[in-house]
Every structure is written in structure tokens, then in C-alpha cells.
Amino acid sequence: MTISLMQAILLGLFCGIAKCCIPYTTGAFMFNTVIFNAVIIGAVMGDMTQAMIIGASLQLIYLGVISAGGNQPTDPCLASYVAIPVAMVSGLNTTAAVALAVPVGLLGAQLMNLDYLLNGFFAQRGDTFAEKGDAAGMTRWSVIYCGIIRALMFAVPVATALYFGSGALQGILDDIPKFVTNGLSAMGACLPAVGFAIIANLISKPRYMPFFFAGFFLIQYTKIGTIPLLLAGLFLTFLYITFTIKERQKMRMTRMKRKKNTMRQ
């Protein structure tokens, strides 16, 4: 299996489109997730099953990744558009694909920093048109041109790497010593635990942690399917919110009274 020129162009184009979406709008978060882009990659590559298997493994390490204050520590979108096709073509297992995605994601974060730097020029031009009351000019420089630059910054490297690098990469992978590939697989197997640890830290409020561990042990020891457990979790969440809503309202009122008393003092 190889990556054709048309497939490389399409994958680069879709990656650029996913990256140039306007932040903080409907669908912006979804376009940056691995599992969403794995569907597109599977459709382009003609093997949806394998793309989703690899994409699901990659998604685990990005569960708790957030862009706090606009600082993006890694780029799940670029990682998926490089690691998934390469893994499919080269026959890498899922753990090795996870290890491959990590440096690619870090490279994507640096590309985003470069994009932010370039956008400063376009923002200044947009401010000039804004001062003149020219909404069309401001839109062109602040939105359209910025989106085009970002799309090209990601589309061109992805298409080039996938088309020209797939054959060479296969030869390199064949020459890599066995202990190196085993090390990558071992490291990749550990990375999903990091994603779970991050998301567990985000919900580490004492009253919520019992639900987290209960779901983990149910999955681990009862072998119940994730869909039935999800439905049961939704039902328990509904009951929890229903029976504790009055208590939470009282706590909220108490905090508001304390703030008012503090401001008066």
C-alpha cells in the first residue's frame, strides 16, 4: 500500500482546512481532534477500519490536552494527518503509531507559533482598515488571508511529506534496529496513561473521583461494554444532579452572601 499523489494532496488539503477554521466557533474544537480527522483519513486512504483503530489509539494521548490561554502544547490534527497514513502504509502497530505522533504533534505546535507570529502583520493591516470603517478590508486581512496562510502552512508540508516521504520512510523503517522499534512500541503503550492522568487531574474534585474510579473498575473487572456503561453513567449523573440541585443552590447562595459581606467590609 502506497500513498498516491492525489491522496497526498487531498490529505494535505483537508489538514489545512481543519487548521484554518476560525477559533471559538461551532465545530472548531471538533476539527482539531484525532478521531474526527481519522474518519477523513480513512475515507481518503480507502481503509476506514484501520484508520479508526489507529486514530482511537492516538486520541487517548490527547484526551486532556487543552490550549490554556491560547498556548497549544501539541497539535493533534497534524499528528493524525501524518501518523495515521504513515502507519497504514508502513504497517506500524498502534503503539508505534502513537510514539510517531508525539514528535509530529510537537512540530505542529511550533508551526502554530510561527503562524501566530506571521498573523501579527495581517492584524496590523486589518486594524488600518478598521480605523477607516472598511469592514470588507478588515475581513480580508484579519480573517481570509490569515486562514489561507495557515492552511498553506499545514497543507503543503503534509502533502509533501506523505507523497515523497512514504517510500523513503518505508526503507528507513526496514533498516531500524529491532530494539529501537520495540522501544518505540513500549513508549507508545505508556503514553495513553498520560492522557488519562491529565484528564483525571482535570476532574480531580473529591466528590467526583468516586465516579471516575467506579467506572474504571467496572470496565476492568466486569468486562462490561463501554456503551452500556456510558448509558448507566448518564442515568446516574442525571440522578445525582436531580437529588443534589437544592444543596448546590444553597451552597451557591451562601457563597454569594459571603462575597457581599466581604465587599461591604
# chains A, B, ... in the order shown; residues from 1 in each chain; ligands from 1

$ residues_around --residues "stretch 12-19 of chain A" --least-positions-apart "3" --cutoff "8 Å" --atoms "only C-alpha atoms" --output "list in words"
Ala8, Ile9, Phe31, Asn32, Ile40, Cys77, Leu78, Tyr81, Arg150, Ala151, Leu152, Met153, Phe154, Ala155, Val156, Pro157, Val158 and Ala159 of chain A

$ write_last_selection --atoms "N, CA, C and O atoms" --output "mmCIF file, in the first residue's frame"
data_model
loop_
_atom_site.group_PDB
_atom_site.id
_atom_site.type_symbol
_atom_site.label_atom_id
_atom_site.label_comp_id
_atom_site.auth_asym_id
_atom_site.auth_seq_id
_atom_site.Cartn_x
_atom_site.Cartn_y
_atom_site.Cartn_z
ATOM 1 N N ALA A 8 -2.143 12.227 -1.284
ATOM 2 C CA ALA A 8 -1.313 13.160 -0.527
ATOM 3 C C ALA A 8 -1.866 14.574 -0.604
ATOM 4 O O ALA A 8 -1.912 15.295 0.399
ATOM 5 N N ILE A 9 -2.302 14.984 -1.802
ATOM 6 C CA ILE A 9 -2.865 16.328 -1.968
ATOM 7 C C ILE A 9 -4.153 16.477 -1.170
ATOM 8 O O ILE A 9 -4.377 17.489 -0.497
ATOM 9 N N PHE A 31 -12.751 19.922 14.767
ATOM 10 C CA PHE A 31 -11.844 19.834 13.632
ATOM 11 C C PHE A 31 -10.415 19.525 14.079
ATOM 12 O O PHE A 31 -9.609 19.075 13.266
ATOM 13 N N ASN A 32 -10.079 19.777 15.314
ATOM 14 C CA ASN A 32 -8.717 19.586 15.792
ATOM 15 C C ASN A 32 -8.521 18.244 16.494
ATOM 16 O O ASN A 32 -7.435 17.955 16.984
ATOM 17 N N ILE A 40 -11.861 11.144 8.038
ATOM 18 C CA ILE A 40 -11.492 11.699 6.731
ATOM 19 C C ILE A 40 -10.305 10.944 6.143
ATOM 20 O O ILE A 40 -10.282 10.614 4.949
ATOM 21 N N CYS A 77 -4.216 17.525 15.390
ATOM 22 C CA CYS A 77 -4.643 17.487 13.992
ATOM 23 C C CYS A 77 -3.485 17.096 13.082
ATOM 24 O O CYS A 77 -3.595 16.164 12.272
ATOM 25 N N LEU A 78 -2.369 17.791 13.184
ATOM 26 C CA LEU A 78 -1.214 17.468 12.346
ATOM 27 C C LEU A 78 -0.694 16.072 12.658
ATOM 28 O O LEU A 78 -0.299 15.330 11.747
ATOM 29 N N TYR A 81 -2.833 13.528 10.769
ATOM 30 C CA TYR A 81 -2.692 13.512 9.311
ATOM 31 C C TYR A 81 -1.336 12.989 8.852
ATOM 32 O O TYR A 81 -1.165 12.667 7.673
ATOM 33 N N ARG A 150 -2.517 30.028 7.077
ATOM 34 C CA ARG A 150 -2.483 28.880 7.993
ATOM 35 C C ARG A 150 -2.734 27.581 7.247
ATOM 36 O O ARG A 150 -2.071 26.562 7.506
ATOM 37 N N ALA A 151 -3.683 27.595 6.315
ATOM 38 C CA ALA A 151 -3.977 26.379 5.548
ATOM 39 C C ALA A 151 -2.764 25.933 4.750
ATOM 40 O O ALA A 151 -2.427 24.739 4.715
ATOM 41 N N LEU A 152 -2.086 26.883 4.100
ATOM 42 C CA LEU A 152 -0.905 26.537 3.306
ATOM 43 C C LEU A 152 0.243 26.048 4.180
ATOM 44 O O LEU A 152 0.990 25.146 3.791
ATOM 45 N N MET A 153 0.383 26.645 5.372
ATOM 46 C CA MET A 153 1.471 26.249 6.261
ATOM 47 C C MET A 153 1.363 24.790 6.680
ATOM 48 O O MET A 153 2.380 24.144 6.966
ATOM 49 N N PHE A 154 0.155 24.270 6.729
ATOM 50 C CA PHE A 154 -0.032 22.871 7.129
ATOM 51 C C PHE A 154 -0.256 21.961 5.925
ATOM 52 O O PHE A 154 0.192 20.814 5.929
ATOM 53 N N ALA A 155 -0.951 22.454 4.905
ATOM 54 C CA ALA A 155 -1.283 21.596 3.766
ATOM 55 C C ALA A 155 -0.053 21.211 2.959
ATOM 56 O O ALA A 155 0.120 20.039 2.591
ATOM 57 N N VAL A 156 0.818 22.168 2.678
ATOM 58 C CA VAL A 156 1.987 21.895 1.837
ATOM 59 C C VAL A 156 2.949 20.913 2.512
ATOM 60 O O VAL A 156 3.367 19.926 1.881
ATOM 61 N N PRO A 157 3.343 21.099 3.782
ATOM 62 C CA PRO A 157 4.250 20.117 4.407
ATOM 63 C C PRO A 157 3.644 18.722 4.512
ATOM 64 O O PRO A 157 4.347 17.722 4.305
ATOM 65 N N VAL A 158 2.340 18.640 4.821
ATOM 66 C CA VAL A 158 1.708 17.324 4.955
ATOM 67 C C VAL A 158 1.690 16.593 3.623
ATOM 68 O O VAL A 158 2.074 15.427 3.524
ATOM 69 N N ALA A 159 1.256 17.289 2.549
ATOM 70 C CA ALA A 159 1.197 16.657 1.233
ATOM 71 C C ALA A 159 2.590 16.250 0.754
ATOM 72 O O ALA A 159 2.779 15.150 0.215
#

$ residues_around --residues "A:Gln110" --least-positions-apart "2" --cutoff "12 Å" --atoms "only C-alpha atoms" --output "ChimeraX atom specification"
/A:71-75,78,103-108,112-117,153-154
